[in-house]
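Below you'll find the structure, written out as structure tokens, and then a few comments.
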Amino acid sequence: MTEKKPWHGVIVATALQFKDDMSVDYDAFGEHVAWLAANGCDGVAPNGSLGEYQNLSDVERAQVIKTAVDASPEGFTVMAGVGAYGALQSAHWATQAAEAGASCVMLLPPNTFRANHEQVKEHYATVAKAGLPIIGYNNPIDTKVDLVPELIADIFHAGNVVGVKEFSGDPRRIYEIKELAPDIDILIGTDDTVLEVGLAGAVGWVSGYPNAIPQACIELFNLCTSGNVQDLVRGQEMYRDLHSLLRWDSKTEFVQAIKLSMDVVGLKGGKSRPPRGPLSPEITARIIADTEAAVAKGYGK
């Protein structure tokens, strides 16, 4: 059995709550982190895309990590998002996360321009000097750089990542990554590929929808990664039931969608900062219907 590391299990990519004046509601965020821990999640990943890190000031961004650490019980992971335009900024946020008490960091490639492979490798090497374990974050949909299997394997072999959050949506990549770097840890990045990537050998899931339905997501992850073929019967049933909801995590509107689902189940999701505005009435109705359908089937916790 693989030794459980801080980045293993269900790590929630946390949504960030705002007050009516759009200032950060740190109290609500801290309560949410504690609630996720109480509901069985293994950790949180604040200041990721779902946490709207691009729209936070430096002061706010630092305080989000401190709030998450302060709200976390012993043994609960804080995987700080340290994505930024370049290595110097990301290294700054990795150092801040280490000083605040985070367990590890989640690092996108530089997202200013289409960096070549050597530049991407140097980016990860620079941030690794901060000393915290790094989970590479491959999101070629939203960034200009694709951490293709051979590139993430090179970064792993250089000692600069311990795993990768795979958000390409292509589970076939997992097999190639593991062929090139057998010891790298795979973390599911898209909520609507948990079954496929779980079967391919994932040991973690950096996930959005546990913000709204943590217990159901934990059960689904465990069923899809147990290695027990019998678990897949129930796992596939849950996956079918939840897939229309989980796939909102991979859409452009994912931040507003997950916050809306939180509102539907009685949690505080609320509004997002610009440029993310209100959803259209049609999309709003679809997300509400998908959330209510999941709750009606018993997945509301």
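Lettering and numbering for the structure tokens are positional, with chains as A, B, ... in the shown order, residues counted from 1 in each chain, and ligands counted from 1 in the shown order.
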
Run DSSP on the backbone and give me the residues of range 26-247 of chain A it puts in strand (DSSP E or B), as an NGL selection string. :A and (43-44 or 77-81 or 104-107 or 134-138 or 163-166 or 185-188 or 204-207)

Quick one: everything within 6 Å of range 197-210 of chain A, counting only C-alpha atoms, minus sequence neighbours fewer than 5 positions away in the same chain. Send it as a VMD selection string. chain A and resid 8 to 13 171 186 to 189 191 217 224 to 225

Each range 249-286 of chain A residue no farther than 12 Å from range 32-48 of chain A, nearest pair in Å, only C-alpha atoms, as a Markdown table:
```
| residue | atom | partner | partner_atom | distance |
| --- | --- | --- | --- | --- |
| A:Val255 | CA | A:Gly48 | CA | 10.7 |
| A:Met262 | CA | A:His32 | CA | 10.7 |
| A:Leu267 | CA | A:His32 | CA | 8.6 |
| A:Lys268 | CA | A:His32 | CA | 8.4 |
| A:Gly269 | CA | A:His32 | CA | 9.9 |
```

Based on the selection just made, write N, CA, C and O atoms of those residues as a PDB file, in the first residue's frame.
```pdb
ATOM      1  N   VAL A 255     -16.376  28.550 -11.963  1.00  0.00           N
ATOM      2  CA  VAL A 255     -16.332  29.233 -10.666  1.00  0.00           C
ATOM      3  C   VAL A 255     -17.744  29.605 -10.220  1.00  0.00           C
ATOM      4  O   VAL A 255     -18.177  29.274  -9.113  1.00  0.00           O
ATOM      5  N   MET A 262     -23.164  25.579  -4.332  1.00  0.00           N
ATOM      6  CA  MET A 262     -23.029  25.773  -2.893  1.00  0.00           C
ATOM      7  C   MET A 262     -24.239  26.508  -2.329  1.00  0.00           C
ATOM      8  O   MET A 262     -24.788  26.131  -1.277  1.00  0.00           O
ATOM      9  N   LEU A 267     -25.058  26.414   1.492  1.00  0.00           N
ATOM     10  CA  LEU A 267     -23.764  26.955   1.890  1.00  0.00           C
ATOM     11  C   LEU A 267     -23.601  28.347   1.297  1.00  0.00           C
ATOM     12  O   LEU A 267     -24.418  28.787   0.481  1.00  0.00           O
ATOM     13  N   LYS A 268     -22.538  29.051   1.680  1.00  0.00           N
ATOM     14  CA  LYS A 268     -22.283  30.356   1.104  1.00  0.00           C
ATOM     15  C   LYS A 268     -21.321  30.233  -0.067  1.00  0.00           C
ATOM     16  O   LYS A 268     -20.143  29.964   0.116  1.00  0.00           O
ATOM     17  N   GLY A 269     -21.850  30.377  -1.261  1.00  0.00           N
ATOM     18  CA  GLY A 269     -21.025  30.464  -2.451  1.00  0.00           C
ATOM     19  C   GLY A 269     -20.898  31.923  -2.843  1.00  0.00           C
ATOM     20  O   GLY A 269     -19.854  32.537  -2.744  1.00  0.00           O
TER      21      GLY A 269
END
```

Using only C-alpha atoms, determine which residues lie at most 9 Å from Asp183 in chain A, disregarding the query and same-chain residues fewer than 5 positions distant; provide the list as a JSON list (two decimals) with N, CA, C and O atoms, in the first residue's frame.
```json
[["chain", "number", "residue", "atom", "x", "y", "z"],
["A", 156, "PHE", "N", 9.85, 15.95, -13.07],
["A", 156, "PHE", "CA", 9.83, 15.01, -11.95],
["A", 156, "PHE", "C", 11.22, 14.41, -11.72],
["A", 156, "PHE", "O", 11.71, 14.36, -10.58],
["A", 162, "VAL", "N", 6.53, 16.44, -7.21],
["A", 162, "VAL", "CA", 6.25, 15.10, -6.67],
["A", 162, "VAL", "C", 5.05, 14.48, -7.36],
["A", 162, "VAL", "O", 4.83, 13.26, -7.27],
["A", 163, "GLY", "N", 4.26, 15.31, -8.04],
["A", 163, "GLY", "CA", 3.07, 14.80, -8.71],
["A", 163, "GLY", "C", 2.54, 15.83, -9.69],
["A", 163, "GLY", "O", 3.11, 16.92, -9.84],
["A", 178, "LYS", "N", 2.99, 7.73, -16.56],
["A", 178, "LYS", "CA", 3.48, 6.71, -15.64],
["A", 178, "LYS", "C", 4.53, 5.81, -16.29],
["A", 178, "LYS", "O", 5.40, 5.26, -15.60]]
```

As a compact mmCIF listing (two decimals) with all heavy atoms, in the first residue's frame, which residues of range 84-138 of chain A does DSSP assign to alpha helix (DSSP H)?
```
# COMPACT_ATOMS: atom_id res chain seq x y z
N ALA A 87 8.39 32.78 -12.71
CA ALA A 87 8.99 32.01 -11.62
C ALA A 87 9.26 32.84 -10.38
O ALA A 87 9.10 32.36 -9.26
CB ALA A 87 10.29 31.37 -12.11
N LEU A 88 9.65 34.10 -10.55
CA LEU A 88 9.97 34.91 -9.37
C LEU A 88 8.73 35.16 -8.53
O LEU A 88 8.78 35.09 -7.29
CB LEU A 88 10.62 36.23 -9.80
CG LEU A 88 11.94 36.09 -10.56
CD1 LEU A 88 12.50 37.46 -10.90
CD2 LEU A 88 12.95 35.28 -9.76
N GLN A 89 7.61 35.44 -9.20
CA GLN A 89 6.36 35.65 -8.46
C GLN A 89 5.90 34.35 -7.80
O GLN A 89 5.48 34.34 -6.64
CB GLN A 89 5.26 36.18 -9.39
CG GLN A 89 5.54 37.55 -9.96
CD GLN A 89 6.15 37.47 -11.35
OE1 GLN A 89 6.95 36.57 -11.64
NE2 GLN A 89 5.79 38.42 -12.19
N SER A 90 5.96 33.24 -8.55
CA SER A 90 5.54 31.96 -7.97
C SER A 90 6.42 31.55 -6.81
O SER A 90 5.96 31.01 -5.81
CB SER A 90 5.54 30.87 -9.06
OG SER A 90 4.47 31.06 -9.96
N ALA A 91 7.73 31.81 -6.92
CA ALA A 91 8.65 31.49 -5.83
C ALA A 91 8.32 32.31 -4.59
O ALA A 91 8.40 31.82 -3.45
CB ALA A 91 10.09 31.73 -6.26
N HIS A 92 7.93 33.56 -4.80
CA HIS A 92 7.52 34.40 -3.67
C HIS A 92 6.33 33.78 -2.95
O HIS A 92 6.30 33.69 -1.71
CB HIS A 92 7.16 35.81 -4.17
CG HIS A 92 6.37 36.61 -3.18
ND1 HIS A 92 6.95 37.22 -2.08
CD2 HIS A 92 5.04 36.90 -3.11
CE1 HIS A 92 6.02 37.85 -1.38
NE2 HIS A 92 4.85 37.66 -1.98
N TRP A 93 5.34 33.32 -3.72
CA TRP A 93 4.14 32.76 -3.10
C TRP A 93 4.42 31.40 -2.47
O TRP A 93 3.81 31.04 -1.47
CB TRP A 93 3.00 32.69 -4.12
CG TRP A 93 2.50 34.05 -4.49
CD1 TRP A 93 2.50 34.62 -5.72
CD2 TRP A 93 1.97 35.02 -3.58
NE1 TRP A 93 2.01 35.89 -5.64
CE2 TRP A 93 1.67 36.16 -4.35
CE3 TRP A 93 1.74 35.04 -2.21
CZ2 TRP A 93 1.14 37.32 -3.78
CZ3 TRP A 93 1.20 36.20 -1.64
CH2 TRP A 93 0.91 37.31 -2.42
N ALA A 94 5.36 30.66 -3.02
CA ALA A 94 5.74 29.39 -2.40
C ALA A 94 6.44 29.62 -1.07
O ALA A 94 6.22 28.90 -0.09
CB ALA A 94 6.64 28.59 -3.35
N THR A 95 7.28 30.63 -1.02
CA THR A 95 7.96 30.98 0.25
C THR A 95 6.94 31.45 1.28
O THR A 95 7.00 31.07 2.46
CB THR A 95 9.01 32.07 -0.01
OG1 THR A 95 9.99 31.57 -0.93
CG2 THR A 95 9.69 32.47 1.29
N GLN A 96 6.00 32.28 0.85
CA GLN A 96 4.94 32.74 1.76
C GLN A 96 4.13 31.57 2.27
O GLN A 96 3.79 31.52 3.47
CB GLN A 96 4.03 33.75 1.02
CG GLN A 96 2.96 34.37 1.91
CD GLN A 96 1.65 33.61 1.91
OE1 GLN A 96 1.29 32.98 0.91
NE2 GLN A 96 0.93 33.64 3.02
N ALA A 97 3.82 30.61 1.41
CA ALA A 97 3.04 29.44 1.82
C ALA A 97 3.80 28.61 2.86
O ALA A 97 3.23 28.14 3.84
CB ALA A 97 2.71 28.58 0.60
N ALA A 98 5.10 28.46 2.64
CA ALA A 98 5.92 27.70 3.59
C ALA A 98 5.93 28.39 4.95
O ALA A 98 5.78 27.75 6.00
CB ALA A 98 7.34 27.55 3.05
N GLU A 99 6.09 29.71 4.94
CA GLU A 99 6.12 30.46 6.20
C GLU A 99 4.78 30.42 6.91
O GLU A 99 4.72 30.44 8.14
CB GLU A 99 6.54 31.91 5.92
CG GLU A 99 7.99 32.03 5.46
CD GLU A 99 8.34 33.44 5.00
OE1 GLU A 99 7.40 34.26 4.84
OE2 GLU A 99 9.54 33.70 4.77
N ALA A 100 3.70 30.33 6.15
CA ALA A 100 2.36 30.30 6.74
C ALA A 100 2.00 28.93 7.29
O ALA A 100 1.04 28.80 8.04
CB ALA A 100 1.33 30.73 5.69
N HIS A 117 10.08 24.33 -23.45
CA HIS A 117 10.29 23.32 -22.42
C HIS A 117 11.42 23.68 -21.46
O HIS A 117 11.30 23.45 -20.25
CB HIS A 117 10.56 21.96 -23.08
CG HIS A 117 9.33 21.31 -23.62
ND1 HIS A 117 9.24 19.97 -23.90
CD2 HIS A 117 8.10 21.83 -23.93
CE1 HIS A 117 8.03 19.68 -24.37
NE2 HIS A 117 7.34 20.79 -24.40
N GLU A 118 12.47 24.25 -21.96
CA GLU A 118 13.58 24.61 -21.08
C GLU A 118 13.16 25.71 -20.10
O GLU A 118 13.55 25.69 -18.92
CB GLU A 118 14.80 25.05 -21.89
CG GLU A 118 15.45 23.92 -22.69
CD GLU A 118 15.79 22.72 -21.82
OE1 GLU A 118 16.39 22.93 -20.73
OE2 GLU A 118 15.48 21.57 -22.21
N GLN A 119 12.37 26.65 -20.56
CA GLN A 119 11.89 27.72 -19.69
C GLN A 119 10.94 27.18 -18.63
O GLN A 119 10.97 27.62 -17.46
CB GLN A 119 11.22 28.81 -20.52
CG GLN A 119 12.19 29.58 -21.40
CD GLN A 119 11.49 30.36 -22.50
OE1 GLN A 119 10.37 30.05 -22.90
NE2 GLN A 119 12.16 31.39 -23.00
N VAL A 120 10.12 26.23 -19.01
CA VAL A 120 9.19 25.63 -18.05
C VAL A 120 9.96 24.84 -16.99
O VAL A 120 9.67 24.92 -15.79
CB VAL A 120 8.17 24.72 -18.77
CG1 VAL A 120 7.31 23.97 -17.76
CG2 VAL A 120 7.29 25.55 -19.70
N LYS A 121 10.97 24.11 -17.41
CA LYS A 121 11.79 23.36 -16.46
C LYS A 121 12.47 24.30 -15.47
O LYS A 121 12.52 24.03 -14.26
CB LYS A 121 12.86 22.54 -17.20
CG LYS A 121 12.31 21.39 -18.02
CD LYS A 121 13.45 20.71 -18.78
CE LYS A 121 12.94 19.70 -19.78
NZ LYS A 121 14.04 19.08 -20.56
N GLU A 122 12.99 25.42 -15.96
CA GLU A 122 13.65 26.39 -15.08
C GLU A 122 12.64 27.01 -14.11
O GLU A 122 12.95 27.29 -12.96
CB GLU A 122 14.31 27.48 -15.93
CG GLU A 122 15.05 28.55 -15.11
CD GLU A 122 16.17 27.99 -14.25
OE1 GLU A 122 16.73 26.93 -14.60
OE2 GLU A 122 16.48 28.61 -13.22
N HIS A 123 11.42 27.21 -14.59
CA HIS A 123 10.34 27.75 -13.74
C HIS A 123 10.12 26.85 -12.53
O HIS A 123 10.11 27.32 -11.37
CB HIS A 123 9.07 27.83 -14.59
CG HIS A 123 7.84 28.29 -13.88
ND1 HIS A 123 7.59 29.61 -13.61
CD2 HIS A 123 6.77 27.59 -13.39
CE1 HIS A 123 6.43 29.72 -12.98
NE2 HIS A 123 5.91 28.51 -12.84
N TYR A 124 9.99 25.56 -12.76
CA TYR A 124 9.77 24.63 -11.66
C TYR A 124 11.00 24.50 -10.77
O TYR A 124 10.88 24.39 -9.53
CB TYR A 124 9.32 23.26 -12.20
CG TYR A 124 7.84 23.26 -12.54
CD1 TYR A 124 7.40 23.66 -13.79
CD2 TYR A 124 6.90 22.91 -11.58
CE1 TYR A 124 6.05 23.70 -14.09
CE2 TYR A 124 5.54 22.94 -11.88
CZ TYR A 124 5.12 23.34 -13.13
OH TYR A 124 3.78 23.39 -13.42
N ALA A 125 12.18 24.54 -11.35
CA ALA A 125 13.41 24.46 -10.56
C ALA A 125 13.54 25.66 -9.63
O ALA A 125 13.97 25.54 -8.47
CB ALA A 125 14.62 24.37 -11.47
N THR A 126 13.15 26.83 -10.11
CA THR A 126 13.24 28.05 -9.31
C THR A 126 12.29 27.98 -8.12
O THR A 126 12.67 28.29 -6.98
CB THR A 126 12.91 29.28 -10.17
OG1 THR A 126 13.87 29.38 -11.23
CG2 THR A 126 12.95 30.55 -9.34
N VAL A 127 11.06 27.56 -8.36
CA VAL A 127 10.06 27.54 -7.29
C VAL A 127 10.38 26.42 -6.29
O VAL A 127 10.11 26.55 -5.10
CB VAL A 127 8.65 27.39 -7.87
CG1 VAL A 127 7.60 27.34 -6.76
CG2 VAL A 127 8.34 28.54 -8.83
N ALA A 128 11.00 25.35 -6.75
CA ALA A 128 11.34 24.24 -5.86
C ALA A 128 12.32 24.67 -4.76
O ALA A 128 12.36 24.05 -3.69
CB ALA A 128 11.95 23.09 -6.66
```

Contacts of Val148 in chain A within 12 Å, only C-alpha atoms, excl. fewer than 3 positions in-chain, as number ranges by chain: A: 109, 116-117, 120, 136-140, 145, 151-155, 164, 166-168, 170, 172-174, 176-177, 180

Using 9 Å as the limit and counting only C-alpha atoms, can you tabulate each residue of range 14-77 of chain A that touches range 273-296 of chain A, with its shortest atom-to-atom distance in Å and the two atoms involved, as a Markdown table?
```
| residue | atom | partner | partner_atom | distance |
| --- | --- | --- | --- | --- |
| A:Phe18 | CA | A:Arg273 | CA | 8.3 |
| A:Met22 | CA | A:Arg273 | CA | 6.9 |
| A:Glu52 | CA | A:Arg273 | CA | 7.8 |
| A:Asn55 | CA | A:Arg273 | CA | 7.0 |
```

Test item: residues at most 12 Å from Lys251 in chain A, only C-alpha atoms, excluding those fewer than 2 positions along its chain, as a list in words: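 Counting only C-alpha atoms, the residues come to Leu50, Ile141, Asp142, Phe167, Gly169, Thr190, Asp191, Asp192, Gly208, Ser244, Leu245, Leu246, Arg247, Trp248, Asp249, Glu253, Phe254, Val255, Gln256, Ala257, Ile258, Ile283 and Ile287 of chain A.
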
From the list A:Ile218, A:Ile135, A:Ile184, A:Ala62, which residue is nearest His157 in chain A when using only C-alpha atoms? A:Ile184

Can you list, as a list in words, every protein, DNA or RNA residue that comes within 10 Å of Lys19 in chain A when you count only C-alpha atoms, leaving out same-chain residues fewer than 6 positions away? Asp25, Tyr26, Ala28, Gly270 and Lys271 of chain A

I need the residues from that last selection saved to file as a CSV table (one decimal), in the first residue's frame (with all heavy atoms), if you can.
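Result went into again-v3.csv, see below:
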```csv
chain,number,residue,atom,x,y,z
A,25,ASP,N,-14.4,37.6,2.4
A,25,ASP,CA,-15.0,37.2,3.6
A,25,ASP,C,-14.1,36.1,4.3
A,25,ASP,O,-14.4,34.9,4.1
A,25,ASP,CB,-16.4,36.8,3.4
A,25,ASP,CG,-17.2,36.6,4.7
A,25,ASP,OD1,-16.6,36.5,5.8
A,25,ASP,OD2,-18.5,36.6,4.6
A,26,TYR,N,-13.1,36.5,5.0
A,26,TYR,CA,-12.2,35.6,5.6
A,26,TYR,C,-12.9,34.7,6.6
A,26,TYR,O,-12.5,33.5,6.7
A,26,TYR,CB,-11.0,36.3,6.2
A,26,TYR,CG,-10.1,37.0,5.2
A,26,TYR,CD1,-10.1,38.4,5.2
A,26,TYR,CD2,-9.3,36.4,4.3
A,26,TYR,CE1,-9.4,39.2,4.3
A,26,TYR,CE2,-8.6,37.1,3.4
A,26,TYR,CZ,-8.6,38.5,3.4
A,26,TYR,OH,-7.8,39.2,2.5
A,28,ALA,N,-16.0,33.6,6.6
A,28,ALA,CA,-16.8,32.6,5.9
A,28,ALA,C,-15.9,31.6,5.3
A,28,ALA,O,-16.2,30.4,5.3
A,28,ALA,CB,-17.7,33.3,4.8
A,270,GLY,N,-22.0,32.5,-3.3
A,270,GLY,CA,-22.1,33.9,-3.6
A,270,GLY,C,-21.5,34.3,-4.9
A,270,GLY,O,-21.2,33.5,-5.8
A,271,LYS,N,-21.3,35.6,-5.0
A,271,LYS,CA,-20.8,36.2,-6.3
A,271,LYS,C,-19.3,36.0,-6.5
A,271,LYS,O,-18.6,35.8,-5.5
A,271,LYS,CB,-21.2,37.7,-6.3
A,271,LYS,CG,-22.7,38.0,-6.3
A,271,LYS,CD,-22.9,39.5,-6.3
A,271,LYS,CE,-24.4,39.8,-6.3
A,271,LYS,NZ,-24.7,41.2,-6.3
```

Might you pull out every residue within 10 Å of Ser103 in chain A, with only C-alpha atoms counted and same-chain residues fewer than 5 positions away left off, and present them as a ChimeraX atom specification? /A:5-7,43,69,75-80,97-98,132-134

Separation of CA of Leu16 in chain A and CA of Glu60 in chain A, in Å?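 So the answer is 11.0 Å.
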
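Considering only C-alpha atoms, the residue among A:Gly235, A:Lys259, A:Ser57, A:Ala216 positioned nearest to Lys297 in chain A is A:Ala216.
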
Nearest to Asn160 in chain A among A:Ala212, A:Val194, A:Val105, A:Leu260, with distances taken over only C-alpha atoms: which residue is it? A:Val105

Which of these residues is nearest to Asp241 in chain A, using only C-alpha atoms: A:Gly298, A:Gly30, A:Pro149, A:Gly86? A:Gly298

From the options A:Met238, A:Ala115, A:Ala130, A:Val265, which residue's atoms come nearest to Leu147 in chain A, counting only C-alpha atoms?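 Using only C-alpha atoms, the shortest distance to Leu147 in chain A belongs to A:Ala115.
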